[in-house]
Structure formats: structure tokens, C-alpha cells
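Student: Pasting work.txt here (compact mmCIF, C-alpha atoms):
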```txt
# COMPACT_ATOMS: atom_id res chain seq x y z
CA MET N 21 18.71 -4.89 2.24
CA SER N 22 15.19 -6.07 3.10
CA VAL N 23 11.62 -5.10 2.24
CA VAL N 24 9.70 -4.29 5.42
CA VAL N 25 6.19 -3.18 6.28
CA ILE N 26 5.35 -1.50 9.57
CA GLY N 27 1.85 -0.27 10.32
CA LEU N 28 -1.47 -0.33 12.10
CA ASN N 29 -4.91 -1.35 10.86
CA HIS N 30 -8.50 -1.82 11.94
CA ARG N 31 -7.68 -5.24 13.40
CA THR N 32 -4.86 -4.06 15.67
CA THR N 33 -5.83 -0.51 16.58
CA PRO N 34 -8.86 1.29 18.12
CA LEU N 35 -10.55 3.72 15.74
CA ASP N 36 -9.63 6.80 17.79
CA LEU N 37 -5.92 5.91 17.53
CA LEU N 38 -6.11 4.82 13.90
CA GLU N 39 -7.59 8.17 12.85
CA ARG N 40 -4.71 10.00 14.56
CA MET N 41 -2.29 7.97 12.44
CA THR N 42 -4.01 8.82 9.15
CA ILE N 43 -1.84 10.69 6.65
CA ALA N 44 -3.84 12.97 4.36
CA ASP N 45 -3.11 12.93 0.64
CA ALA N 46 -1.82 16.50 0.75
CA ALA N 47 0.70 15.50 3.42
CA LEU N 48 2.10 12.53 1.48
CA PRO N 49 4.90 14.34 -0.41
CA LYS N 50 6.42 15.66 2.82
CA ALA N 51 5.91 12.31 4.55
CA LEU N 52 7.64 10.37 1.76
CA HIS N 53 10.61 12.74 1.61
CA ASP N 54 10.86 12.56 5.40
CA LEU N 55 10.98 8.76 5.34
CA VAL N 56 13.64 8.34 2.64
CA SER N 57 15.82 11.00 4.27
CA ARG N 58 16.20 8.78 7.33
CA THR N 59 19.35 6.75 7.82
CA ASP N 60 18.07 3.22 7.23
CA VAL N 61 15.20 3.78 4.78
CA SER N 62 16.22 3.94 1.11
CA GLU N 63 12.76 3.55 -0.50
CA ALA N 64 9.25 4.08 0.89
CA VAL N 65 5.55 3.85 0.00
CA VAL N 66 2.87 5.06 2.43
CA LEU N 67 -0.56 3.39 2.29
CA SER N 68 -3.03 5.35 4.43
CA THR N 69 -6.75 4.52 4.13
CA CYS N 70 -9.79 4.38 6.39
CA ASN N 71 -8.64 0.91 7.51
CA ARG N 72 -4.86 1.23 7.79
CA THR N 73 -1.71 3.30 7.83
CA GLU N 74 1.28 1.31 6.62
CA VAL N 75 4.82 2.14 5.55
CA TYR N 76 6.47 -0.18 3.04
CA ALA N 77 10.22 0.37 2.86
CA VAL N 78 13.50 -0.96 1.58
CA ALA N 79 15.58 -1.14 4.74
CA GLU N 80 19.34 -0.84 4.90
CA ARG N 81 19.25 -2.34 8.41
CA PHE N 82 16.06 -3.87 9.81
CA HIS N 83 16.26 -2.59 13.39
CA GLY N 84 17.39 0.85 12.27
CA ALA N 85 14.54 1.06 9.76
CA TYR N 86 12.02 -0.07 12.37
CA GLN N 87 13.10 2.75 14.66
CA ASP N 88 13.08 5.26 11.78
CA ILE N 89 9.52 4.34 10.79
CA ARG N 90 8.23 4.13 14.36
CA ASP N 91 9.63 7.61 15.05
CA PHE N 92 8.03 8.88 11.83
CA LEU N 93 4.62 7.56 12.93
CA ALA N 94 5.08 9.12 16.36
CA GLU N 95 5.67 12.49 14.74
CA VAL N 96 2.61 12.07 12.49
CA ALA N 97 0.33 11.38 15.46
CA PHE N 98 2.08 13.65 17.99
CA LEU N 99 2.39 10.67 20.32
CA ALA N 100 5.22 9.01 22.17
CA PRO N 101 6.24 5.69 20.54
CA GLU N 102 5.28 3.75 23.64
CA ASP N 103 1.69 5.01 23.28
CA PHE N 104 1.13 2.97 20.11
CA SER N 105 4.00 0.49 19.70
CA ASP N 106 1.90 -2.39 21.05
CA HIS N 107 -0.51 -1.89 18.15
CA LEU N 108 2.17 -2.00 15.43
CA TYR N 109 2.72 -5.04 13.24
CA THR N 110 5.99 -5.63 11.44
CA HIS N 111 6.82 -7.99 8.57
CA TYR N 112 10.00 -8.25 6.53
CA ASP N 113 11.15 -10.02 3.37
CA ALA N 114 8.74 -12.77 2.20
CA PRO N 115 6.14 -12.17 4.99
CA ALA N 116 6.10 -8.44 4.07
CA VAL N 117 5.45 -9.35 0.44
CA ALA N 118 2.72 -11.81 1.46
CA HIS N 119 1.08 -9.12 3.61
CA LEU N 120 0.93 -6.60 0.76
CA PHE N 121 -0.48 -9.23 -1.61
CA SER N 122 -3.16 -10.04 0.99
CA VAL N 123 -4.01 -6.34 1.34
CA ALA N 124 -4.25 -5.89 -2.43
CA ALA N 125 -6.52 -8.94 -2.71
CA GLY N 126 -8.93 -7.54 -0.09
CA LEU N 127 -8.28 -10.27 2.48
CA ASP N 128 -7.16 -7.76 5.11
CA SER N 129 -10.03 -5.29 4.63
CA ALA N 130 -12.97 -4.48 6.88
CA VAL N 131 -15.21 -5.64 4.01
CA LEU N 132 -13.75 -8.94 2.83
CA GLY N 133 -12.75 -8.79 -0.82
CA GLU N 134 -13.52 -5.06 -1.14
CA SER N 135 -12.49 -3.56 -4.45
CA GLU N 136 -11.49 -0.04 -3.41
CA ILE N 137 -8.24 -1.11 -1.74
CA LEU N 138 -6.67 -2.17 -5.05
CA GLY N 139 -7.05 1.37 -6.40
CA GLN N 140 -5.70 2.78 -3.15
CA VAL N 141 -2.60 0.59 -3.38
CA LYS N 142 -2.05 1.76 -6.95
CA VAL N 143 -2.44 5.43 -5.97
CA ALA N 144 -0.07 5.06 -2.99
CA TRP N 145 2.59 3.52 -5.22
CA GLY N 146 2.05 6.22 -7.86
CA ARG N 147 2.53 9.00 -5.31
CA ALA N 148 5.76 7.42 -4.07
CA ARG N 149 7.08 7.22 -7.61
CA GLU N 150 6.13 10.83 -8.35
CA GLU N 151 8.10 11.92 -5.28
CA GLY N 152 11.10 9.70 -6.11
CA ALA N 153 10.58 7.63 -2.96
CA ALA N 154 9.98 4.30 -4.71
CA GLY N 155 12.89 2.70 -6.54
CA PRO N 156 13.68 -0.68 -8.13
CA GLY N 157 12.82 -2.72 -5.03
CA LEU N 158 9.37 -1.31 -4.30
CA ASN N 159 8.48 -0.83 -7.96
CA LEU N 160 8.85 -4.55 -8.57
CA LEU N 161 6.97 -5.38 -5.36
CA PHE N 162 3.97 -3.13 -6.03
CA ARG N 163 3.68 -4.14 -9.67
CA HIS N 164 3.40 -7.76 -8.55
CA ALA N 165 0.93 -6.77 -5.78
CA LEU N 166 -1.42 -5.13 -8.28
CA GLU N 167 -1.24 -8.19 -10.53
CA ALA N 168 -1.98 -10.44 -7.53
CA GLY N 169 -4.98 -8.31 -6.52
CA LYS N 170 -6.41 -8.36 -10.02
CA ARG N 171 -5.99 -12.13 -10.30
CA ALA N 172 -7.73 -12.66 -6.95
CA ARG N 173 -10.80 -10.79 -8.17
CA SER N 174 -10.93 -12.26 -11.66
CA GLU N 175 -10.12 -15.89 -10.84
CA THR N 176 -12.03 -16.40 -7.56
CA GLY N 177 -15.37 -15.37 -6.09
CA ILE N 178 -13.87 -13.10 -3.43
CA ALA N 179 -15.43 -10.03 -5.09
CA ARG N 180 -19.06 -11.19 -5.15
CA ASN N 181 -21.89 -9.06 -3.75
CA ILE N 182 -20.94 -6.16 -1.43
CA THR N 183 -17.23 -5.64 -1.99
CA SER N 184 -16.53 -2.02 -1.11
CA VAL N 185 -16.80 0.16 1.97
CA SER N 186 -19.04 2.60 0.10
CA GLN N 187 -21.42 -0.17 -0.99
CA ALA N 188 -21.51 -1.43 2.59
CA ALA N 189 -22.30 2.07 3.89
CA VAL N 190 -25.33 2.38 1.58
CA ALA N 191 -26.46 -1.15 2.45
CA LEU N 192 -26.08 -0.41 6.17
CA ALA N 193 -28.25 2.70 5.86
CA ALA N 194 -30.86 0.73 3.90
CA ASP N 195 -30.82 -2.02 6.53
CA ARG N 196 -31.37 0.45 9.39
CA LEU N 197 -34.21 2.25 7.57
CA GLY N 198 -35.86 -0.72 5.90
CA GLY N 199 -34.86 0.58 2.47
CA LEU N 200 -33.87 3.89 0.91
CA ALA N 201 -36.68 4.33 -1.61
CA GLY N 202 -38.26 7.75 -1.11
CA ARG N 203 -35.62 8.85 1.42
CA ARG N 204 -33.85 12.22 1.43
CA VAL N 205 -30.07 11.80 1.70
CA LEU N 206 -27.07 14.11 2.01
CA VAL N 207 -23.66 12.82 0.89
CA LEU N 208 -20.82 14.76 2.47
CA GLY N 209 -17.67 14.35 0.38
CA ALA N 210 -17.38 13.76 -3.37
CA GLY N 211 -14.18 11.74 -3.52
CA GLU N 212 -13.97 8.09 -4.54
CA MET N 213 -16.06 6.93 -1.56
CA GLY N 214 -18.59 9.74 -1.84
CA GLU N 215 -19.01 9.14 -5.54
CA ALA N 216 -19.69 5.44 -5.04
CA MET N 217 -22.19 6.19 -2.26
CA ALA N 218 -24.07 8.81 -4.28
CA LEU N 219 -24.40 6.53 -7.29
CA GLY N 220 -25.39 3.63 -5.02
CA LEU N 221 -28.11 5.77 -3.44
CA ALA N 222 -29.49 6.60 -6.88
CA LYS N 223 -29.72 2.88 -7.70
CA ALA N 224 -31.41 2.27 -4.34
CA GLY N 225 -34.21 4.72 -5.25
CA ALA N 226 -33.44 7.60 -2.89
CA ALA N 227 -35.92 10.41 -3.59
CA ASP N 228 -33.54 13.31 -3.09
CA ILE N 229 -29.74 13.17 -3.12
CA ALA N 230 -27.76 16.22 -2.07
CA VAL N 231 -23.97 16.31 -2.45
CA ALA N 232 -21.68 18.63 -0.52
CA ASN N 233 -17.96 18.92 -1.12
CA ARG N 234 -15.08 21.29 -0.50
CA THR N 235 -14.71 21.76 -4.26
CA TRP N 236 -17.99 23.13 -5.64
CA ASP N 237 -17.47 22.00 -9.25
CA ARG N 238 -16.89 18.44 -8.09
CA ALA N 239 -20.08 18.52 -6.01
CA VAL N 240 -22.08 19.78 -9.01
CA GLU N 241 -20.62 17.14 -11.34
CA LEU N 242 -21.35 14.25 -8.98
CA ALA N 243 -24.83 15.55 -8.11
CA ASP N 244 -25.69 15.69 -11.82
CA ARG N 245 -24.54 12.09 -12.33
CA ALA N 246 -26.57 10.90 -9.34
CA GLY N 247 -29.67 12.84 -10.40
CA GLY N 248 -29.45 15.07 -7.34
CA ARG N 249 -28.38 18.58 -6.36
CA ALA N 250 -25.21 20.20 -5.05
CA VAL N 251 -24.97 21.90 -1.66
CA ARG N 252 -22.37 24.42 -0.53
CA LEU N 253 -20.18 23.15 2.31
CA LEU N 254 -21.23 26.13 4.45
CA ASP N 255 -24.89 25.17 3.93
CA VAL N 256 -24.48 21.58 5.21
CA PRO N 257 -26.14 22.28 8.61
CA ASP N 258 -29.23 23.68 6.85
CA ALA N 259 -29.30 20.71 4.47
CA VAL N 260 -29.12 18.20 7.33
CA VAL N 261 -32.32 19.71 8.77
CA ASP N 262 -34.32 18.25 5.87
CA VAL N 263 -32.71 14.84 5.25
CA ASP N 264 -33.35 11.38 6.64
CA VAL N 265 -29.77 10.17 6.21
CA LEU N 266 -26.30 11.71 6.18
CA LEU N 267 -23.50 9.66 4.61
CA SER N 268 -20.07 11.18 5.19
CA SER N 269 -16.61 10.39 3.80
CA THR N 270 -14.40 13.47 3.47
CA GLY N 271 -10.65 13.74 4.00
CA ALA N 272 -10.98 16.47 6.64
CA ALA N 273 -8.46 16.34 9.47
CA SER N 274 -11.05 17.30 12.14
CA PRO N 275 -14.85 16.90 12.58
CA LEU N 276 -17.05 18.94 10.24
CA LEU N 277 -20.10 18.51 12.47
CA GLU N 278 -19.59 19.12 16.18
CA VAL N 279 -22.12 18.03 18.80
CA GLU N 280 -23.30 21.62 19.42
CA GLU N 281 -24.07 22.07 15.72
CA VAL N 282 -26.09 18.86 15.61
CA GLU N 283 -28.02 19.90 18.71
CA ARG N 284 -29.09 23.07 16.88
CA ILE N 285 -30.11 21.01 13.85
CA LEU N 286 -32.20 18.63 15.95
CA ALA N 287 -34.02 21.54 17.54
CA VAL N 288 -35.63 22.42 14.20
CA ARG N 289 -36.27 18.90 12.87
CA ASP N 290 -39.58 18.50 14.75
CA GLY N 291 -38.47 15.25 16.34
CA ARG N 292 -37.74 13.42 13.07
CA PRO N 293 -34.99 10.80 13.58
CA LEU N 294 -31.66 11.28 11.82
CA LEU N 295 -29.36 8.46 10.69
CA ILE N 296 -25.68 9.33 10.19
CA VAL N 297 -23.23 6.87 8.64
CA ASP N 298 -19.74 8.33 9.00
CA ILE N 299 -17.09 6.24 7.24
CA ALA N 300 -14.40 8.92 7.25
CA VAL N 301 -11.13 8.32 9.10
CA PRO N 302 -10.52 10.70 10.82
CA ARG N 303 -14.26 10.97 11.53
CA ASP N 304 -16.31 13.81 10.05
CA VAL N 305 -18.89 13.79 12.85
CA ASP N 306 -18.03 14.33 16.51
CA PRO N 307 -18.46 10.92 18.24
CA ALA N 308 -20.34 12.71 21.05
CA VAL N 309 -23.26 13.13 18.62
CA ALA N 310 -24.11 9.48 19.32
CA SER N 311 -25.38 10.52 22.77
CA LEU N 312 -28.04 12.87 21.38
CA GLU N 313 -31.65 11.70 21.38
CA GLY N 314 -33.08 11.27 17.91
CA VAL N 315 -29.73 10.53 16.24
CA THR N 316 -28.26 7.17 15.26
CA LEU N 317 -24.55 7.61 14.54
CA LEU N 318 -22.73 4.72 12.87
CA ASP N 319 -19.01 4.66 12.07
CA MET N 320 -16.42 2.27 10.65
CA ASP N 321 -16.71 -0.06 13.65
CA ASP N 322 -20.45 -0.47 13.00
CA LEU N 323 -19.85 -0.92 9.28
CA ARG N 324 -17.30 -3.69 9.93
CA ALA N 325 -19.76 -5.54 12.16
CA PHE N 326 -22.48 -5.22 9.51
CA ALA N 327 -20.19 -6.36 6.71
CA ASP N 328 -18.97 -9.37 8.72
CA ALA N 329 -22.52 -10.65 8.95
CA GLY N 330 -22.85 -10.85 5.17
CA THR N 331 -19.54 -12.33 4.06
CA GLN N 332 -20.04 -16.07 4.55
CA ALA N 333 -20.08 -16.84 0.81
CA ARG N 334 -16.91 -14.83 0.21
CA ARG N 335 -15.19 -16.46 3.17
CA ARG N 336 -15.42 -19.76 1.33
CA GLU N 337 -13.23 -18.19 -1.37
CA VAL N 338 -10.41 -17.24 1.01
CA ALA N 339 -8.56 -20.55 0.63
CA ALA N 340 -8.59 -20.21 -3.16
CA VAL N 341 -7.29 -16.65 -2.92
CA ARG N 342 -4.51 -17.68 -0.55
CA ASP N 343 -3.41 -20.44 -2.95
CA LEU N 344 -3.32 -17.89 -5.76
CA LEU N 345 -1.34 -15.44 -3.63
CA ASP N 346 1.15 -18.18 -2.71
CA ASP N 347 1.71 -18.69 -6.44
CA GLU N 348 2.20 -14.94 -6.92
CA LEU N 349 4.64 -14.87 -4.00
CA GLU N 350 6.75 -17.58 -5.62
CA ARG N 351 6.73 -15.63 -8.90
CA TYR N 352 7.81 -12.47 -7.10
CA LEU N 353 10.60 -14.19 -5.15
CA GLY N 354 11.81 -15.77 -8.37
CA ALA N 355 11.84 -12.40 -10.10
CA THR N 356 13.72 -10.66 -7.29
CA SER N 357 16.29 -13.44 -7.11
CA ALA N 358 16.76 -13.44 -10.88
CA ARG N 359 17.22 -9.65 -10.82
CA GLU N 360 20.08 -10.17 -8.37
CA VAL N 361 21.65 -13.21 -10.05
CA ALA N 362 22.31 -11.65 -13.47
CA PRO N 363 24.13 -8.55 -12.10
CA MET N 364 26.00 -10.78 -9.64
CA ILE N 365 27.31 -13.03 -12.41
CA THR N 366 28.33 -9.95 -14.39
CA ALA N 367 30.05 -8.47 -11.34
CA LEU N 368 31.89 -11.74 -10.68
CA ARG N 369 33.13 -11.96 -14.27
CA ASP N 370 34.12 -8.28 -14.26
CA ARG N 371 36.13 -8.83 -11.08
CA ALA N 372 37.89 -11.83 -12.61
CA GLU N 373 38.68 -9.89 -15.81
CA THR N 374 40.06 -6.99 -13.76
CA LEU N 375 42.38 -9.38 -11.90
CA ARG N 376 43.44 -11.10 -15.14
CA ARG N 377 44.41 -7.80 -16.75
CA ALA N 378 46.18 -6.63 -13.59
CA GLU N 379 48.29 -9.79 -13.50
CA LEU N 380 49.19 -9.50 -17.18
CA ASP N 381 50.21 -5.89 -16.62
CA ARG N 382 52.32 -6.97 -13.65
CA TYR N 383 54.18 -9.47 -15.81
CA ARG N 384 54.30 -7.19 -18.87
CA GLY N 385 58.06 -6.77 -18.58
CA ARG N 386 58.64 -10.52 -18.83
CA LEU N 387 56.30 -10.78 -21.81
CA ASP N 388 57.88 -8.02 -23.91
CA GLY N 389 59.85 -10.57 -25.90
CA LEU N 390 56.71 -12.26 -27.24
CA ASP N 391 55.48 -11.45 -30.70
CA ALA N 392 51.85 -10.53 -31.49
CA THR N 393 50.80 -14.12 -32.15
CA GLN N 394 52.30 -15.31 -28.89
CA MET N 395 50.64 -12.46 -26.95
CA GLU N 396 47.29 -13.37 -28.47
CA ALA N 397 47.86 -16.93 -27.27
CA VAL N 398 48.58 -15.69 -23.72
CA GLU N 399 45.43 -13.54 -23.81
CA ALA N 400 43.34 -16.46 -25.07
CA LEU N 401 44.83 -18.84 -22.52
CA THR N 402 44.18 -16.58 -19.53
CA ARG N 403 40.67 -15.71 -20.73
CA GLY N 404 39.96 -19.40 -21.24
CA ILE N 405 41.08 -20.26 -17.71
CA ILE N 406 38.85 -17.55 -16.27
CA GLY N 407 35.90 -18.66 -18.43
CA LYS N 408 36.20 -22.31 -17.44
CA LEU N 409 36.71 -21.42 -13.78
CA LEU N 410 33.55 -19.28 -13.68
CA HIS N 411 31.35 -21.43 -15.92
CA GLU N 412 30.16 -23.83 -13.22
CA PRO N 413 29.44 -21.14 -10.58
CA SER N 414 27.50 -19.12 -13.21
CA VAL N 415 25.36 -22.10 -14.21
CA THR N 416 24.73 -22.99 -10.56
CA LEU N 417 23.65 -19.45 -9.75
CA LYS N 418 21.25 -19.32 -12.70
CA ASP N 419 19.74 -22.70 -11.82
CA ALA N 420 19.26 -21.71 -8.17
CA ALA N 421 17.66 -18.32 -8.95
CA GLY N 422 14.37 -17.88 -7.14
CA SER N 423 15.16 -20.34 -4.35
CA PRO N 424 16.50 -19.89 -0.81
CA ARG N 425 19.67 -21.64 -1.98
CA GLY N 426 20.05 -19.04 -4.75
CA ASP N 427 19.69 -16.23 -2.22
CA ARG N 428 22.37 -17.82 -0.02
CA LEU N 429 24.75 -18.23 -2.97
CA VAL N 430 24.31 -14.61 -4.06
CA SER N 431 24.89 -13.43 -0.50
CA SER N 432 27.99 -15.59 -0.16
CA LEU N 433 29.50 -14.39 -3.45
CA ARG N 434 28.86 -10.77 -2.56
CA GLU N 435 30.62 -11.20 0.77
CA LEU N 436 33.49 -13.45 -0.38
CA PHE N 437 34.46 -11.36 -3.40
CA ALA N 438 33.29 -7.93 -2.12
CA LEU N 439 30.95 -7.62 -5.11
CA GLU N 440 28.34 -4.95 -5.75
CA GLY N 441 25.69 -6.65 -7.90
CA GLU N 442 22.49 -4.74 -7.33
CA ALA N 443 19.52 -4.75 -9.72
CA GLN N 444 19.15 -1.38 -11.35
CA GLY N 445 16.20 0.48 -12.79
CA GLY N 446 12.48 -0.15 -12.37
CA PRO N 447 9.27 -0.39 -14.34
CA PRO N 448 8.33 2.65 -16.42
CA LEU N 449 5.59 4.90 -15.07
CA ASP N 450 2.91 3.48 -17.34
CA ASP N 451 3.45 0.02 -15.77
CA ALA N 452 1.33 1.15 -12.82
CA SER N 453 -1.78 0.17 -14.71
CA ARG N 454 -0.70 -3.36 -15.46
```
Kindly present the structure from the file in C-alpha cells form.

Tutor:
Amino acid sequence: MSVVVIGLNHRTTPLDLLERMTIADAALPKALHDLVSRTDVSEAVVLSTCNRTEVYAVAERFHGAYQDIRDFLAEVAFLAPEDFSDHLYTHYDAPAVAHLFSVAAGLDSAVLGESEILGQVKVAWGRAREEGAAGPGLNLLFRHALEAGKRARSETGIARNITSVSQAAVALAADRLGGLAGRRVLVLGAGEMGEAMALGLAKAGAADIAVANRTWDRAVELADRAGGRAVRLLDVPDAVVDVDVLLSSTGAASPLLEVEEVERILAVRDGRPLLIVDIAVPRDVDPAVASLEGVTLLDMDDLRAFADAGTQARRREVAAVRDLLDDELERYLGATSAREVAPMITALRDRAETLRRAELDRYRGRLDGLDATQMEAVEALTRGIIGKLLHEPSVTLKDAAGSPRGDRLVSSLRELFALEGEAQGGPPLDDASR
């Protein structure tokens, strides 16, 4: 079995295709059960954010799992596989592990070193565990990924300055307007991103912060914390009439503001310009709004370009992060190999003991004339032969654990002796926070 990752991200896929591949949080339980019900996928975690949709899986057969996951993504997007296959990337075994570690460390994000992705990885793993889709293989992998991501941020400078999409969105708006002090702003969405944007706006000196959200109580709570006011979702068009900036980041599956609605809003704004920063994927604002006079519409593509211009200092930290991740990769590979070696040694010794007892039983008729002392001697002799015979292979396996040679030896033993020595169990649920 192998660990594989198959997915698309902001580097490989146009935004309009990436948003079609997004899997909403509410759809995750069904998606996870769908994946692990397929022939060649035994465990699965789905990581779907504004920058990526990826499936991490334990594959029974690589090519079969690839087809299972590709077909799953086709069904999510209502597309034929050939319409997006060229945008897919695929990694398996050590490269799949290295990819997840890089994601967790923020090296693969639109905003280099961004902090939000680590929480998103943790949540994705937690959801898979809740649904019974993550087992021993992925539990070990994701626990190591979270540790790698935390080390990258605490031991290097990759997290300096702007290190989240929400921070970048506020900074982008400030850059376009020459500052946010005294500005009237509407934040659409009160999730993790919306919360960070609202609090960032308060620090930036925005004069009036309105928060709109599907859940009214959440909008009120966040507005109070940001020193602003809550707005009903149905009243968003009226609220946009009065603001200078709209920052949007909901989890809606389709646009909340269509071009016709924005045209009506502009008609009563007396020619005042409107800046919209839409960082939702799928987008909250119809892309056609960008063609309207008096509106500047920015999305994730614009945010990535803005963030790239301010990451030179953090780029100098990339080499240090990669060295750290290489160290974490070695630790992970050692742990996975060790988890296989111990059960394999046990399985080998159990097989030998089964054969020893079977042979003694076969010759029981010839041994009936022996007294108890003599039978004990036969038992001790045969056990001793087995112990001495297996001592050297056991030591060799333990010494080679964590190396390619160890993996080859385990594989050879499993095949030669038809052994089943799989690591069992996984970290307890509260390990997710480690």
C-alpha cells in the first residue's frame, strides 16, 4: 500500500476551474465516505481551501487509486476527466509526504508562509477522523505534517510580516485606497477569513465596519469584537450602497452579488467608486462586475500578485524551511518503517512457532515414549533452534528500520513467508493538537 496525493492548486489550475473543484465543508462527510468506498482507496483526507483541492489517500493499488480519485473529482465538478486531468498533480510515497509537509509549512501557498493553511490541514484531518476515513496510515502522516508546519514557523522566519490570505486582503485594500483610516467597510462572511479581516480592519483604523453573515449570531459576535455593527444577509445590497470597500470570503457555492444587483447599487451611489476584494473560492461576486464603471473588483489572482511583490524577505527563509522539512521527512519515514518492522518480526516469529508446533504434533506418536523431562528437552531444543535461526534476521530488520534497505527487507519477508505484518491503531483524537 502507498500514500498518494492527487489534486489541483492555484499554481496548476485557472481560478474558474479551481472554484468548480472546491468541496464545501458540509459536503465533506459524503465526499469522504464516497472515497473510502471505492475499490483502491482504504483511507482518505480531503483538503479543500481557496488555493487547492487535494485528496490524500492510502492506496491499495496506485493506478486503481488514481482512477478512483480522478473519477471522484470529475463527479464533484460535473466535468469529464479529460477536461481537467492536465491540471492534476500526483505524488506517492515519500514525494507525497514531502508535498504535504510543504503545504503545512506554507511553502505551497499563494501567500508564502501563510499561517491559515496549518489550521486548515488540522481541520481536514479532524473531519476525516470523525467520519472514519483516516486510519493508521494517514493519522501518522498528518500528525507529522502538523509538527513539521509548527516547526517551520517557530524555527525559521517564514512567518514574518503578512502571512495569511486575510491579512493580505486587508493590505491589498489599503494599498489600493492609500490606507483604510476613516473608510467604511463591509465584511461579507464571518468565518475564519472574515474574522481575521474584520479584526485587521479595526487595527487599520477603518471608521465603520459592517459584518454580514448567514448566521446572524455569528455576525453580531464578530461585529462586537471589531467595534462595528452586524448586517442581515438580505440587507447586503443596501449596505454596499454606503461603503467604500467590500471584503468577501463566504463559503457560498454560487455568487451572492450578481452583476445586475451591483448595477442597481451603483445607480444610487452618486458616482462614488467601490473597491471589492473577493477572496472566496468559489467567488462571492460575479466576475462580470469587473466590467462595470466605478467598480474595482479584485480576486485571488490579484491577491497572489500583490503578495508575491512583498515576500522577498520570506523567500530567503525557504532554504531553511526545506532543510527542516527534509529532517521531518526522515523522521516520518523512520517512524513508518519502524511501525512495520515490529509487527513483521512478531509475524515471522509467530509463523515459525506455528510450524514448530505443527511438526511436533506430526511426530507426537513417535514421542509418546518420552517422559516429561525428555519432552521438556525436546520443546527447549526446538524453541532454541527457532530462536537462534530468527535472531540474526530480527536484529538486521531492527537495524535497517527507517531506511530503503529496511523497506526492501520487510517487503521481501512479507512475500517470501506470506506474512501479514501491518501496523495497527493510530493516534488518539486529542493528538490532533500536537

Student: Would you give me, as CSV, each residue of range 297-414 of chain N having an atom within 10 Å of an atom of range 203-209 of chain N, along with its shortest atom pair and that distance in Å to one decimal, using all atoms listed in the file and sorting by chain and residue number?

Tutor:
```
residue,atom,partner,partner_atom,distance
N:Val297,CA,N:Val207,CA,9.8
N:Asp298,CA,N:Leu208,CA,9.2
N:Ala300,CA,N:Gly209,CA,9.3
N:Asp304,CA,N:Leu208,CA,8.9
```

Student: Between N:Thr69, N:Thr110, N:Ser414, N:Ser129, single out the one closest to Thr270 in chain N, counting only C-alpha atoms.

Tutor: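 Nearest candidate to Thr270 in chain N out of N:Thr69, N:Thr110, N:Ser414, N:Ser129: N:Thr69.
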
Student: Which one of N:Asp91, N:Glu167, N:Glu241, N:Asp106 sits closest to Thr32 in chain N if you count all atoms listed in the file?

Tutor: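 Going through N:Asp91, N:Glu167, N:Glu241, N:Asp106 one by one, the smallest distance to Thr32 in chain N is for N:Asp106.
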
Student: Hey, can you check how far CA of Gly271 in chain N sits from CA of Ala232 in chain N?

Tutor: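 Separating CA of Gly271 in chain N from CA of Ala232 in chain N is a distance of 12.9 Å.
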
Student: Just how far from CA of Gly426 in chain N is CA of Leu120 in chain N, in Å to one decimal?

Tutor: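 Here the two named atoms are 23.5 Å from each other.
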
Student: Using only C-alpha atoms for the distances, tell me which of N:Ile137, N:Leu48, N:Leu158, N:Ala230 is nearest to Ala210 in chain N.

Tutor: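 Between N:Ile137, N:Leu48, N:Leu158, N:Ala230, the residue approaching Ala210 in chain N most closely is N:Ala230.
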